[in-house]
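Dropping structure21.tsv in here (TSV, C-alpha atoms):
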```
chain	number	residue	atom	x	y	z
A	23	MET	CA	2.20	4.50	-66.18
A	24	ARG	CA	-0.08	7.15	-64.67
A	25	ILE	CA	-2.11	7.60	-61.50
A	26	VAL	CA	-5.83	7.36	-62.27
A	27	SER	CA	-7.29	7.54	-58.76
A	28	ILE	CA	-6.38	8.18	-55.13
A	29	GLU	CA	-8.96	7.18	-52.54
A	30	ALA	CA	-9.12	7.87	-48.81
A	31	VAL	CA	-10.43	4.76	-47.04
A	32	PRO	CA	-11.31	5.24	-43.34
A	33	ILE	CA	-10.56	2.28	-41.03
A	34	THR	CA	-10.64	1.62	-37.30
A	35	VAL	CA	-7.83	-0.35	-35.67
A	36	GLU	CA	-8.78	-1.87	-32.30
A	37	LEU	CA	-6.27	-2.78	-29.60
A	38	ALA	CA	-6.62	-5.98	-27.62
A	39	LYS	CA	-5.46	-4.10	-24.52
A	40	PRO	CA	-5.44	-0.31	-24.02
A	41	VAL	CA	-2.05	1.41	-24.13
A	42	VAL	CA	-1.67	3.82	-21.21
A	43	MET	CA	0.62	6.84	-21.55
A	44	SER	CA	1.27	9.82	-19.30
A	45	HIS	CA	-1.29	12.00	-21.07
A	46	ILE	CA	-3.61	9.63	-22.94
A	47	THR	CA	-5.01	6.11	-23.00
A	48	ILE	CA	-5.44	4.56	-26.45
A	49	GLU	CA	-8.02	1.84	-27.03
A	50	ARG	CA	-8.39	2.23	-30.78
A	51	SER	CA	-7.22	4.41	-33.63
A	52	CYS	CA	-9.35	5.82	-36.45
A	53	ASN	CA	-6.97	5.81	-39.41
A	54	VAL	CA	-7.09	6.38	-43.17
A	55	LEU	CA	-5.75	4.12	-45.91
A	56	ALA	CA	-4.59	5.81	-49.10
A	57	LYS	CA	-5.39	3.64	-52.11
A	58	VAL	CA	-3.54	4.69	-55.26
A	59	THR	CA	-4.49	3.04	-58.56
A	60	THR	CA	-2.62	3.28	-61.87
A	61	ASP	CA	-3.79	3.01	-65.47
A	62	ASN	CA	-2.20	-0.43	-65.79
A	63	GLY	CA	-4.08	-1.81	-62.79
A	64	LEU	CA	-1.43	-1.61	-60.08
A	65	VAL	CA	-2.75	-0.67	-56.64
A	66	GLY	CA	-0.62	0.77	-53.87
A	67	TRP	CA	-1.60	1.15	-50.22
A	68	GLY	CA	-0.45	3.55	-47.55
A	69	GLU	CA	-1.76	4.46	-44.11
A	70	GLY	CA	-2.21	7.65	-42.15
A	71	VAL	CA	-2.57	7.12	-38.40
A	72	GLU	CA	-4.57	9.62	-36.39
A	73	ALA	CA	-2.52	11.39	-33.73
A	74	ALA	CA	-4.36	14.44	-32.46
A	75	ASP	CA	-1.93	14.74	-29.54
A	76	LEU	CA	1.19	14.50	-31.74
A	77	THR	CA	0.42	15.87	-35.20
A	78	GLY	CA	-3.05	17.34	-34.73
A	79	ASP	CA	-4.39	14.93	-37.36
A	80	THR	CA	-7.77	13.25	-36.94
A	81	GLN	CA	-9.36	10.74	-39.30
A	82	PRO	CA	-11.60	13.32	-41.06
A	83	ALA	CA	-8.66	15.70	-41.46
A	84	ILE	CA	-6.40	12.99	-42.92
A	85	ALA	CA	-9.11	11.84	-45.34
A	86	ALA	CA	-9.82	15.42	-46.46
A	87	ALA	CA	-6.11	16.06	-47.02
A	88	VAL	CA	-5.71	12.86	-49.07
A	89	ASP	CA	-8.67	13.91	-51.24
A	90	TYR	CA	-7.21	17.41	-51.66
A	91	LEU	CA	-3.74	16.13	-52.60
A	92	ALA	CA	-5.27	13.67	-55.06
A	93	ARG	CA	-6.42	16.55	-57.28
A	94	GLY	CA	-2.82	17.51	-58.01
A	95	LEU	CA	-1.50	13.96	-58.43
A	96	ILE	CA	-3.98	12.38	-60.84
A	97	GLY	CA	-2.24	11.85	-64.18
A	98	GLU	CA	1.26	11.89	-62.70
A	99	ASP	CA	3.82	9.10	-63.03
A	100	PRO	CA	3.78	7.25	-59.66
A	101	LEU	CA	7.40	6.20	-60.05
A	102	ARG	CA	8.56	9.83	-59.65
A	103	ARG	CA	8.31	9.50	-55.87
A	104	ASN	CA	10.77	12.24	-54.91
A	105	ALA	CA	9.21	14.73	-57.31
A	106	LEU	CA	5.71	13.94	-56.05
A	107	TRP	CA	6.84	14.20	-52.41
A	108	TRP	CA	8.07	17.74	-53.07
A	109	ALA	CA	4.98	18.50	-55.12
A	110	MET	CA	2.76	17.55	-52.18
A	111	ALA	CA	4.80	19.86	-49.95
A	112	LYS	CA	3.98	22.75	-52.30
A	113	MET	CA	0.30	21.82	-52.61
A	114	MET	CA	-0.47	21.84	-48.91
A	115	HIS	CA	1.14	23.12	-45.72
A	116	ALA	CA	1.68	20.54	-42.92
A	117	ASN	CA	-0.66	17.50	-43.20
A	118	ASP	CA	2.38	15.20	-43.24
A	119	THR	CA	0.28	12.21	-42.18
A	120	ALA	CA	-1.78	12.36	-45.37
A	121	LYS	CA	1.29	13.05	-47.50
A	122	GLY	CA	3.01	10.12	-45.84
A	123	ALA	CA	0.11	7.77	-46.55
A	124	ILE	CA	0.26	8.63	-50.26
A	125	ASP	CA	4.07	8.36	-50.22
A	126	MET	CA	3.81	4.83	-48.78
A	127	ALA	CA	1.34	3.87	-51.50
A	128	LEU	CA	3.68	5.20	-54.21
A	129	HIS	CA	6.50	3.07	-52.80
A	130	ASP	CA	4.15	0.07	-52.76
A	131	ILE	CA	3.36	0.65	-56.45
A	132	ALA	CA	7.03	1.11	-57.38
A	133	GLY	CA	7.99	-2.12	-55.65
A	134	LYS	CA	5.21	-3.99	-57.42
A	135	HIS	CA	6.17	-2.44	-60.77
A	136	PHE	CA	9.81	-3.47	-60.47
A	137	GLY	CA	9.05	-6.76	-58.72
A	138	ILE	CA	11.10	-5.95	-55.58
A	139	PRO	CA	10.40	-5.23	-51.90
A	140	VAL	CA	10.31	-1.60	-50.77
A	141	ALA	CA	13.56	-2.06	-48.82
A	142	GLU	CA	15.33	-2.68	-52.13
A	143	LEU	CA	14.00	0.65	-53.44
A	144	LEU	CA	15.67	2.29	-50.43
A	145	GLY	CA	19.12	0.96	-51.26
A	146	GLY	CA	18.80	-2.66	-50.21
A	147	GLN	CA	18.50	-4.54	-46.95
A	148	VAL	CA	21.05	-4.02	-44.22
A	149	ARG	CA	19.20	-6.60	-42.11
A	150	ALA	CA	16.64	-9.30	-42.92
A	151	SER	CA	14.84	-9.08	-39.60
A	152	VAL	CA	14.09	-6.21	-37.23
A	153	PRO	CA	13.92	-6.73	-33.44
A	154	ALA	CA	10.65	-5.36	-32.12
A	155	LEU	CA	10.78	-2.76	-29.37
A	156	THR	CA	7.80	-3.85	-27.26
A	157	LEU	CA	5.86	-1.77	-24.74
A	158	ILE	CA	5.42	-2.47	-21.04
A	159	GLY	CA	4.36	-0.25	-18.16
A	160	SER	CA	1.34	-0.03	-15.87
A	161	GLY	CA	2.59	1.84	-12.81
A	162	ASP	CA	2.64	-1.48	-10.90
A	163	PRO	CA	6.21	-2.80	-10.41
A	164	ASP	CA	5.14	-6.42	-9.84
A	165	ALA	CA	2.91	-6.46	-12.91
A	166	ASP	CA	5.54	-4.81	-15.10
A	167	VAL	CA	8.29	-7.24	-14.07
A	168	ALA	CA	5.95	-10.15	-14.81
A	169	SER	CA	5.03	-8.66	-18.19
A	170	ALA	CA	8.67	-8.15	-19.14
A	171	LEU	CA	9.60	-11.71	-18.21
A	172	SER	CA	6.60	-13.10	-20.10
A	173	LYS	CA	7.58	-11.18	-23.21
A	174	ARG	CA	11.20	-12.25	-22.86
A	175	GLU	CA	9.98	-15.85	-22.74
A	176	ALA	CA	8.18	-15.16	-26.02
A	177	GLY	CA	11.47	-14.03	-27.60
A	178	PHE	CA	11.46	-10.24	-27.18
A	179	ARG	CA	14.76	-8.56	-26.32
A	180	TRP	CA	13.90	-4.86	-26.65
A	181	PHE	CA	11.63	-3.27	-24.03
A	182	LYS	CA	10.21	0.23	-23.65
A	183	MET	CA	8.70	1.16	-20.28
A	184	LYS	CA	5.86	3.68	-20.38
A	185	LEU	CA	6.59	6.22	-17.64
A	186	GLY	CA	4.79	9.15	-16.09
A	187	ILE	CA	1.69	7.04	-15.36
A	188	GLY	CA	2.51	6.04	-11.78
A	189	SER	CA	4.36	7.54	-8.83
A	190	THR	CA	7.98	8.49	-9.37
A	191	GLU	CA	9.11	6.12	-6.63
A	192	ALA	CA	7.20	3.18	-8.10
A	193	GLU	CA	8.52	3.80	-11.59
A	194	ILE	CA	12.13	4.08	-10.45
A	195	GLU	CA	11.64	0.80	-8.59
A	196	THR	CA	10.12	-0.74	-11.70
A	197	MET	CA	13.03	0.31	-13.93
A	198	ARG	CA	15.50	-1.14	-11.45
A	199	ARG	CA	13.62	-4.40	-10.98
A	200	VAL	CA	12.94	-4.94	-14.68
A	201	ARG	CA	16.59	-4.25	-15.53
A	202	GLU	CA	17.72	-6.73	-12.87
A	203	ALA	CA	15.21	-9.35	-14.00
A	204	LEU	CA	16.05	-9.23	-17.69
A	205	PRO	CA	19.18	-10.93	-19.09
A	206	ALA	CA	22.11	-8.69	-19.97
A	207	ASP	CA	21.46	-9.13	-23.72
A	208	CYS	CA	18.09	-7.39	-23.39
A	209	VAL	CA	17.69	-3.67	-24.09
A	210	LEU	CA	15.59	-1.54	-21.72
A	211	CYS	CA	14.50	2.04	-22.31
A	212	GLY	CA	11.72	4.30	-21.06
A	213	ASP	CA	9.26	6.78	-22.52
A	214	ALA	CA	7.82	9.55	-20.34
A	215	ASN	CA	5.66	11.03	-23.13
A	216	GLN	CA	6.20	14.59	-21.83
A	217	GLY	CA	5.08	13.51	-18.38
A	218	TRP	CA	7.53	15.51	-16.22
A	219	SER	CA	8.68	19.03	-15.51
A	220	GLU	CA	12.36	19.75	-16.03
A	221	PRO	CA	13.21	19.32	-12.29
A	222	GLN	CA	11.14	16.12	-12.09
A	223	ALA	CA	12.88	14.72	-15.14
A	224	LEU	CA	16.34	15.42	-13.78
A	225	SER	CA	15.46	13.86	-10.43
A	226	PHE	CA	14.18	10.70	-12.13
A	227	LEU	CA	17.10	10.46	-14.53
A	228	ARG	CA	19.70	10.87	-11.79
A	229	ALA	CA	18.03	8.06	-9.85
A	230	LEU	CA	18.81	5.77	-12.79
A	231	ASP	CA	22.55	6.51	-12.69
A	232	GLY	CA	24.51	3.27	-12.97
A	233	LEU	CA	21.67	1.24	-14.51
A	234	ASP	CA	22.01	-0.16	-18.01
A	235	ILE	CA	19.25	1.94	-19.61
A	236	ALA	CA	19.54	2.56	-23.35
A	237	PHE	CA	17.65	5.87	-23.32
A	238	ILE	CA	14.71	7.79	-21.89
A	239	GLU	CA	12.36	9.30	-24.45
A	240	GLN	CA	10.75	12.74	-24.26
A	241	PRO	CA	11.10	13.37	-20.50
A	242	ILE	CA	9.64	16.90	-20.68
A	243	ALA	CA	7.01	18.74	-22.69
A	244	GLN	CA	7.68	19.67	-26.29
A	245	GLY	CA	8.08	23.27	-27.32
A	246	ASP	CA	11.19	24.22	-25.36
A	247	HIS	CA	14.20	22.87	-27.24
A	248	ALA	CA	16.63	24.61	-24.89
A	249	ALA	CA	15.13	22.83	-21.88
A	250	MET	CA	15.41	19.47	-23.65
A	251	VAL	CA	19.07	20.16	-24.33
A	252	ARG	CA	19.66	21.14	-20.69
A	253	VAL	CA	18.07	17.90	-19.49
A	254	ALA	CA	20.11	15.86	-21.95
A	255	GLN	CA	23.37	17.50	-20.93
A	256	ALA	CA	22.69	16.89	-17.23
A	257	SER	CA	21.33	13.36	-17.55
A	258	PRO	CA	23.41	10.24	-16.82
A	259	VAL	CA	21.05	8.37	-19.21
A	260	PRO	CA	20.92	9.08	-22.96
A	261	ILE	CA	17.91	11.20	-24.00
A	262	CYS	CA	15.75	10.67	-27.09
A	263	ALA	CA	13.46	13.42	-28.44
A	264	ASP	CA	10.09	12.43	-29.87
A	265	GLN	CA	7.28	14.98	-29.55
A	266	SER	CA	9.93	17.69	-29.80
A	267	VAL	CA	10.73	16.55	-33.36
A	268	HIS	CA	8.14	17.38	-36.02
A	269	SER	CA	10.38	18.11	-38.98
A	270	LEU	CA	13.84	17.75	-40.46
A	271	ASN	CA	14.62	21.22	-39.11
A	272	ASP	CA	13.91	19.99	-35.56
A	273	ILE	CA	16.42	17.19	-36.11
A	274	LEU	CA	18.99	19.81	-37.08
A	275	VAL	CA	18.32	21.70	-33.84
A	276	PHE	CA	19.21	18.70	-31.69
A	277	GLY	CA	22.30	17.61	-33.60
A	278	ARG	CA	25.50	17.65	-31.51
A	279	THR	CA	23.79	19.24	-28.47
A	280	GLY	CA	23.91	16.38	-25.98
A	281	VAL	CA	20.57	14.93	-27.05
A	282	ALA	CA	21.49	11.37	-27.97
A	283	GLY	CA	18.82	10.53	-30.50
A	284	VAL	CA	15.43	11.25	-32.01
A	285	SER	CA	12.28	9.29	-32.76
A	286	LEU	CA	11.43	9.19	-36.45
A	287	LYS	CA	7.80	8.57	-37.36
A	288	LEU	CA	6.08	8.21	-40.71
A	289	VAL	CA	3.21	10.45	-39.53
A	290	LYS	CA	5.57	13.28	-38.58
A	291	LEU	CA	7.95	13.32	-41.53
A	292	GLY	CA	5.79	12.60	-44.57
A	293	GLY	CA	6.09	8.85	-45.00
A	294	ILE	CA	8.95	6.68	-46.21
A	295	THR	CA	10.70	9.45	-48.15
A	296	GLY	CA	10.71	11.76	-45.15
A	297	VAL	CA	11.81	9.10	-42.68
A	298	MET	CA	14.73	8.01	-44.84
A	299	ARG	CA	15.80	11.65	-45.28
A	300	GLY	CA	15.57	12.01	-41.50
A	301	ALA	CA	17.71	8.92	-41.01
A	302	ALA	CA	20.44	10.29	-43.29
A	303	LEU	CA	20.37	13.57	-41.39
A	304	CYS	CA	20.62	11.76	-38.04
A	305	GLU	CA	23.64	9.82	-39.25
A	306	SER	CA	25.43	12.99	-40.32
A	307	LEU	CA	24.67	14.66	-36.96
A	308	GLY	CA	25.64	11.72	-34.77
A	309	LEU	CA	22.07	11.16	-33.54
A	310	GLN	CA	20.79	7.68	-32.76
A	311	ILE	CA	17.50	6.60	-34.35
A	312	ASN	CA	14.34	5.30	-32.75
A	313	LEU	CA	11.96	4.31	-35.55
A	314	ALA	CA	8.46	4.20	-34.13
A	315	GLY	CA	5.00	3.51	-35.42
A	316	LYS	CA	2.06	5.38	-33.95
A	317	VAL	CA	-0.23	3.32	-31.76
A	318	ALA	CA	-2.35	1.90	-33.26
A	319	GLU	CA	-1.64	1.16	-36.90
A	320	SER	CA	-2.40	-1.72	-39.24
A	321	SER	CA	0.11	-3.94	-41.01
A	322	VAL	CA	0.28	-1.41	-43.87
A	323	ALA	CA	2.08	1.26	-41.83
A	324	ALA	CA	3.90	-1.40	-39.80
A	325	ALA	CA	5.35	-2.86	-43.00
A	326	ALA	CA	6.52	0.59	-44.09
A	327	ASN	CA	8.31	0.94	-40.75
A	328	VAL	CA	9.96	-2.47	-41.09
A	329	HIS	CA	11.17	-1.76	-44.64
A	330	CYS	CA	12.68	1.54	-43.48
A	331	ALA	CA	14.38	-0.16	-40.54
A	332	ALA	CA	15.75	-2.85	-42.84
A	333	ALA	CA	17.39	-0.25	-45.11
A	334	MET	CA	18.89	2.02	-42.43
A	335	ARG	CA	22.52	1.64	-41.44
A	336	ALA	CA	21.60	1.45	-37.77
A	337	VAL	CA	18.51	1.73	-35.58
A	338	ASN	CA	20.30	1.68	-32.24
A	339	PHE	CA	17.34	3.07	-30.29
A	340	GLY	CA	15.03	0.36	-31.63
A	341	CYS	CA	12.05	-0.04	-33.92
A	342	SER	CA	8.48	-0.32	-32.66
A	343	PRO	CA	5.88	-0.93	-35.39
A	344	GLY	CA	2.53	0.22	-34.03
A	345	ASN	CA	0.51	-2.88	-34.91
A	346	GLN	CA	1.73	-4.78	-31.87
A	347	GLY	CA	-1.26	-5.76	-29.77
A	348	VAL	CA	-3.94	-4.94	-32.35
A	349	LYS	CA	-7.17	-6.94	-32.24
A	350	SER	CA	-8.05	-6.32	-35.88
A	351	ASP	CA	-6.08	-5.69	-39.05
A	352	VAL	CA	-6.82	-4.89	-42.69
A	353	ALA	CA	-4.15	-7.27	-43.99
A	354	SER	CA	-5.14	-10.70	-45.26
A	355	GLU	CA	-1.94	-11.97	-43.63
A	356	PRO	CA	-1.00	-9.50	-40.85
A	357	LEU	CA	2.64	-8.65	-40.28
A	358	VAL	CA	3.61	-9.96	-36.84
A	359	ALA	CA	6.70	-10.25	-34.67
A	360	ALA	CA	7.85	-13.87	-34.40
A	361	ASN	CA	10.25	-14.67	-31.57
A	362	GLY	CA	10.53	-10.98	-30.86
A	363	ALA	CA	11.39	-9.81	-34.38
A	364	TYR	CA	9.74	-8.83	-37.64
A	365	ARG	CA	10.95	-10.56	-40.79
A	366	VAL	CA	11.30	-8.06	-43.61
A	367	PRO	CA	8.68	-8.88	-46.29
A	368	THR	CA	10.26	-10.30	-49.43
A	369	THR	CA	7.34	-9.96	-51.84
A	370	PRO	CA	7.09	-6.93	-54.14
A	371	GLY	CA	6.07	-3.59	-52.64
A	372	LEU	CA	5.23	-3.37	-48.96
A	373	GLY	CA	4.45	-7.09	-48.94
A	374	VAL	CA	1.01	-6.60	-47.40
A	375	GLU	CA	-2.25	-7.47	-49.14
A	376	VAL	CA	-5.21	-5.39	-47.96
A	377	ASP	CA	-8.53	-7.17	-47.43
A	378	LEU	CA	-11.36	-4.83	-46.48
A	379	VAL	CA	-14.11	-7.46	-46.69
```

Go ahead and express the file in the form of structure tokens.
Amino acid sequence: MRIVSIEAVPITVELAKPVVMSHITIERSCNVLAKVTTDNGLVGWGEGVEAADLTGDTQPAIAAAVDYLARGLIGEDPLRRNALWWAMAKMMHANDTAKGAIDMALHDIAGKHFGIPVAELLGGQVRASVPALTLIGSGDPDADVASALSKREAGFRWFKMKLGIGSTEAEIETMRRVREALPADCVLCGDANQGWSEPQALSFLRALDGLDIAFIEQPIAQGDHAAMVRVAQASPVPICADQSVHSLNDILVFGRTGVAGVSLKLVKLGGITGVMRGAALCESLGLQINLAGKVAESSVAAAANVHCAAAMRAVNFGCSPGNQGVKSDVASEPLVAANGAYRVPTTPGLGVEVDLV
């Protein structure tokens, strides 16, 4: 079996409601599907999600990188996924979003070839369903408590509060009130998206002392690993690094430093192969894993996230596929969270059929 074509297919994923973060408001995402076709007619799909603020990748850049990488992959055996992942690393510096999209598609093809779901290619399922870490946060304590309770009624048990978008006082109040309102079996965490200075972060984190908060993600700006470690060592709440982690080497930096965990993303680490390598590294370093999609993605990337989460030993900082709240999807049957959890697809490959009509 050989690869005969790799196409970059631009798509736009619309959100039903904008997602507000400390530094950006997302209403839609202009993404790129990677369509890989083999000489025996198998088609694999992957997705690269634009993230100019995180990876520097825009839709035109992802599409151009997919087209460039295709030149070196045509004629290769798609089942040699590890070899092709390393080959892409040699062909082109950075551009992990495009590499990841092709890597997803190669896994989709392998699963279809062998007649098994992608999770089985990764060593087999550890879990058949993945609780969805769902987003809340508006800067309004009353609205956020109501949103959390509404989502809990719908079956969600994992909640991530977007922080750094309102006043410090209001957001501390919100964290307290949401934690008090939710049952004890619910998990609450927060994501500041680089919204604070180091002193602001420490002040906020100390105000949460005694609350049952699973972790706070990326409290300060990326770029200063030493400052992140200082914050983590002084914080009464576990700290998770996201924007500070762009590679496996960054994961190594934070191992056994006081930082409790890291956020693994397909767009940052080169797809399924990179994320699973990152997960193994986290386990060896004692780091917890948050497996996150990039808002907003279709069911293609969301399925890749779910398969990875299903095969990991533990995802104690939660999994948040980025197709939650999308208004449109390229899948004929979109992957959705039912009763607060994603069922791991059981059909061959990613388990998502793309319909671009």

Determine, for each residue of segment 302-326 of chain A having at least one atom at most 9 Å from an atom of segment 264-276 of chain A, the closest pair of atoms and their separation in Å to one decimal, counting only C-alpha atoms; order by chain and ascending number, as a Markdown table.
```
| residue | atom | partner | partner_atom | distance |
| --- | --- | --- | --- | --- |
| A:Leu303 | CA | A:Ile273 | CA | 7.5 |
| A:Cys304 | CA | A:Ile273 | CA | 7.1 |
| A:Leu307 | CA | A:Leu274 | CA | 7.7 |
| A:Leu309 | CA | A:Phe276 | CA | 8.3 |
| A:Asn312 | CA | A:Asp264 | CA | 8.8 |
```

Store the residues picked out above, limited to C-alpha atoms, as a compact mmCIF listing (two decimals), in the coordinates of the input.
```txt
# COMPACT_ATOMS: atom_id res chain seq x y z
CA LEU A 303 20.37 13.57 -41.39
CA CYS A 304 20.62 11.76 -38.04
CA LEU A 307 24.67 14.66 -36.96
CA LEU A 309 22.07 11.16 -33.54
CA ASN A 312 14.34 5.30 -32.75
```

Neighbours of Val200 of chain A within 8 Å (all atoms listed in the file; same-chain residues fewer than 5 positions away dropped), as a tab-separated table (two decimals) with C-alpha atoms, keeping the file's coordinate frame?
```
chain	number	residue	atom	x	y	z
A	166	ASP	CA	5.54	-4.81	-15.10
A	167	VAL	CA	8.29	-7.24	-14.07
A	170	ALA	CA	8.67	-8.15	-19.14
```

As a list in words, please: the residues near Arg179 of chain A (cut-off 8 Å, all atoms listed in the file, same-chain neighbours under 5 positions excluded).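 The residues that qualify are Pro153, Ala154, Leu155, Arg174, Asp207, Cys208, Val209 and Gly362 of chain A.
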
Which neighbours of Asp125 of chain A fall inside 12 Å, counting only C-alpha atoms, when residues of the same chain fewer than 5 positions from it are skipped, and could you give them as an MDAnalysis selection string? chainID A and resid 28 55:58 66:70 88 91:92 95 100:111 118:120 130:132 140 288:289 291:298 323 326 372

Quick one: write out the picked residues with C-alpha atoms as a compact mmCIF listing (two decimals), in the coordinates of the input?
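New file selection-v9.txt:
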```
# COMPACT_ATOMS: atom_id res chain seq x y z
CA ILE A 28 -6.38 8.18 -55.13
CA LEU A 55 -5.75 4.12 -45.91
CA ALA A 56 -4.59 5.81 -49.10
CA LYS A 57 -5.39 3.64 -52.11
CA VAL A 58 -3.54 4.69 -55.26
CA GLY A 66 -0.62 0.77 -53.87
CA TRP A 67 -1.60 1.15 -50.22
CA GLY A 68 -0.45 3.55 -47.55
CA GLU A 69 -1.76 4.46 -44.11
CA GLY A 70 -2.21 7.65 -42.15
CA VAL A 88 -5.71 12.86 -49.07
CA LEU A 91 -3.74 16.13 -52.60
CA ALA A 92 -5.27 13.67 -55.06
CA LEU A 95 -1.50 13.96 -58.43
CA PRO A 100 3.78 7.25 -59.66
CA LEU A 101 7.40 6.20 -60.05
CA ARG A 102 8.56 9.83 -59.65
CA ARG A 103 8.31 9.50 -55.87
CA ASN A 104 10.77 12.24 -54.91
CA ALA A 105 9.21 14.73 -57.31
CA LEU A 106 5.71 13.94 -56.05
CA TRP A 107 6.84 14.20 -52.41
CA TRP A 108 8.07 17.74 -53.07
CA ALA A 109 4.98 18.50 -55.12
CA MET A 110 2.76 17.55 -52.18
CA ALA A 111 4.80 19.86 -49.95
CA ASP A 118 2.38 15.20 -43.24
CA THR A 119 0.28 12.21 -42.18
CA ALA A 120 -1.78 12.36 -45.37
CA ASP A 130 4.15 0.07 -52.76
CA ILE A 131 3.36 0.65 -56.45
CA ALA A 132 7.03 1.11 -57.38
CA VAL A 140 10.31 -1.60 -50.77
CA LEU A 288 6.08 8.21 -40.71
CA VAL A 289 3.21 10.45 -39.53
CA LEU A 291 7.95 13.32 -41.53
CA GLY A 292 5.79 12.60 -44.57
CA GLY A 293 6.09 8.85 -45.00
CA ILE A 294 8.95 6.68 -46.21
CA THR A 295 10.70 9.45 -48.15
CA GLY A 296 10.71 11.76 -45.15
CA VAL A 297 11.81 9.10 -42.68
CA MET A 298 14.73 8.01 -44.84
CA ALA A 323 2.08 1.26 -41.83
CA ALA A 326 6.52 0.59 -44.09
CA LEU A 372 5.23 -3.37 -48.96
```

Taking (-0.9, 3.1, -15.7) as a centre in this file's frame and 6 Å as the limit, can you find every polymer residue with an atom that close, using only C-alpha atoms, and give them as JSON, numbers by chain? {"A": [42, 160, 161, 187, 188]}

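Between atom CA of Thr196 of chain A and atom CA of Asp213 of chain A there is a distance of 13.2 Å.
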
Would you pick out the contacts of segment 77-83 of chain A at 7 Å or less, using all atoms listed in the file, so that residues sharing its chain but fewer than 2 positions from it are not included, and give the list as a list in words? Cys52, Asn53, Val54, Glu72, Ala73, Ala74, Asp75, Ala85, Ala86, Ala87 and Lys290 of chain A

d(atom CA of Val259 of chain A, atom CA of Ala214 of chain A) in Å: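 Taking atom CA of Val259 of chain A as the start and atom CA of Ala214 of chain A as the end point, the length is 13.3 Å.
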
May I ask which of the residues A:Thr156, A:Ser321, A:Gln346, A:Asn338 is the closest one to Phe181 of chain A, counting all atoms listed in the file?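 Selected residue with least distance to Phe181 of chain A: A:Thr156.
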
Residue nearest Lys184 of chain A - candidates A:Leu157, A:Ala353, A:Val379, A:Ala302, atoms counted: only C-alpha atoms: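 Ranking A:Leu157, A:Ala353, A:Val379, A:Ala302 by distance to Lys184 of chain A, first place goes to A:Leu157.
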
Please reconstruct the missing atoms of segment 302-314 of chain A (target: N, CA and C atoms) and return them as a short mmCIF file (atom, residue, chain, number, x, y, z; two decimals), keeping the file's coordinate frame.
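Dumped to part.cif:
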```cif
data_model
loop_
_atom_site.label_atom_id
_atom_site.label_comp_id
_atom_site.auth_asym_id
_atom_site.auth_seq_id
_atom_site.Cartn_x
_atom_site.Cartn_y
_atom_site.Cartn_z
N ALA A 302 19.15 9.82 -42.75
CA ALA A 302 20.44 10.29 -43.29
C ALA A 302 20.93 11.51 -42.52
N LEU A 303 20.00 12.38 -42.15
CA LEU A 303 20.37 13.57 -41.39
C LEU A 303 20.87 13.18 -40.00
N CYS A 304 20.18 12.23 -39.36
CA CYS A 304 20.62 11.76 -38.04
C CYS A 304 22.04 11.19 -38.10
N GLU A 305 22.31 10.42 -39.12
CA GLU A 305 23.64 9.82 -39.25
C GLU A 305 24.71 10.90 -39.37
N SER A 306 24.44 11.94 -40.14
CA SER A 306 25.43 12.99 -40.32
C SER A 306 25.63 13.82 -39.05
N LEU A 307 24.60 13.85 -38.18
CA LEU A 307 24.67 14.66 -36.96
C LEU A 307 25.06 13.85 -35.73
N GLY A 308 25.27 12.56 -35.90
CA GLY A 308 25.64 11.72 -34.77
C GLY A 308 24.49 11.40 -33.83
N LEU A 309 23.25 11.47 -34.34
CA LEU A 309 22.07 11.16 -33.54
C LEU A 309 21.64 9.71 -33.75
N GLN A 310 21.33 9.03 -32.66
CA GLN A 310 20.79 7.68 -32.76
C GLN A 310 19.34 7.75 -33.24
N ILE A 311 18.85 6.64 -33.78
CA ILE A 311 17.50 6.60 -34.35
C ILE A 311 16.62 5.63 -33.59
N ASN A 312 15.45 6.14 -33.18
CA ASN A 312 14.34 5.30 -32.75
C ASN A 312 13.30 5.42 -33.85
N LEU A 313 12.95 4.31 -34.47
CA LEU A 313 11.96 4.31 -35.55
C LEU A 313 10.66 3.75 -34.99
N ALA A 314 9.66 4.60 -34.86
CA ALA A 314 8.46 4.20 -34.13
C ALA A 314 7.20 4.38 -34.96
#
```
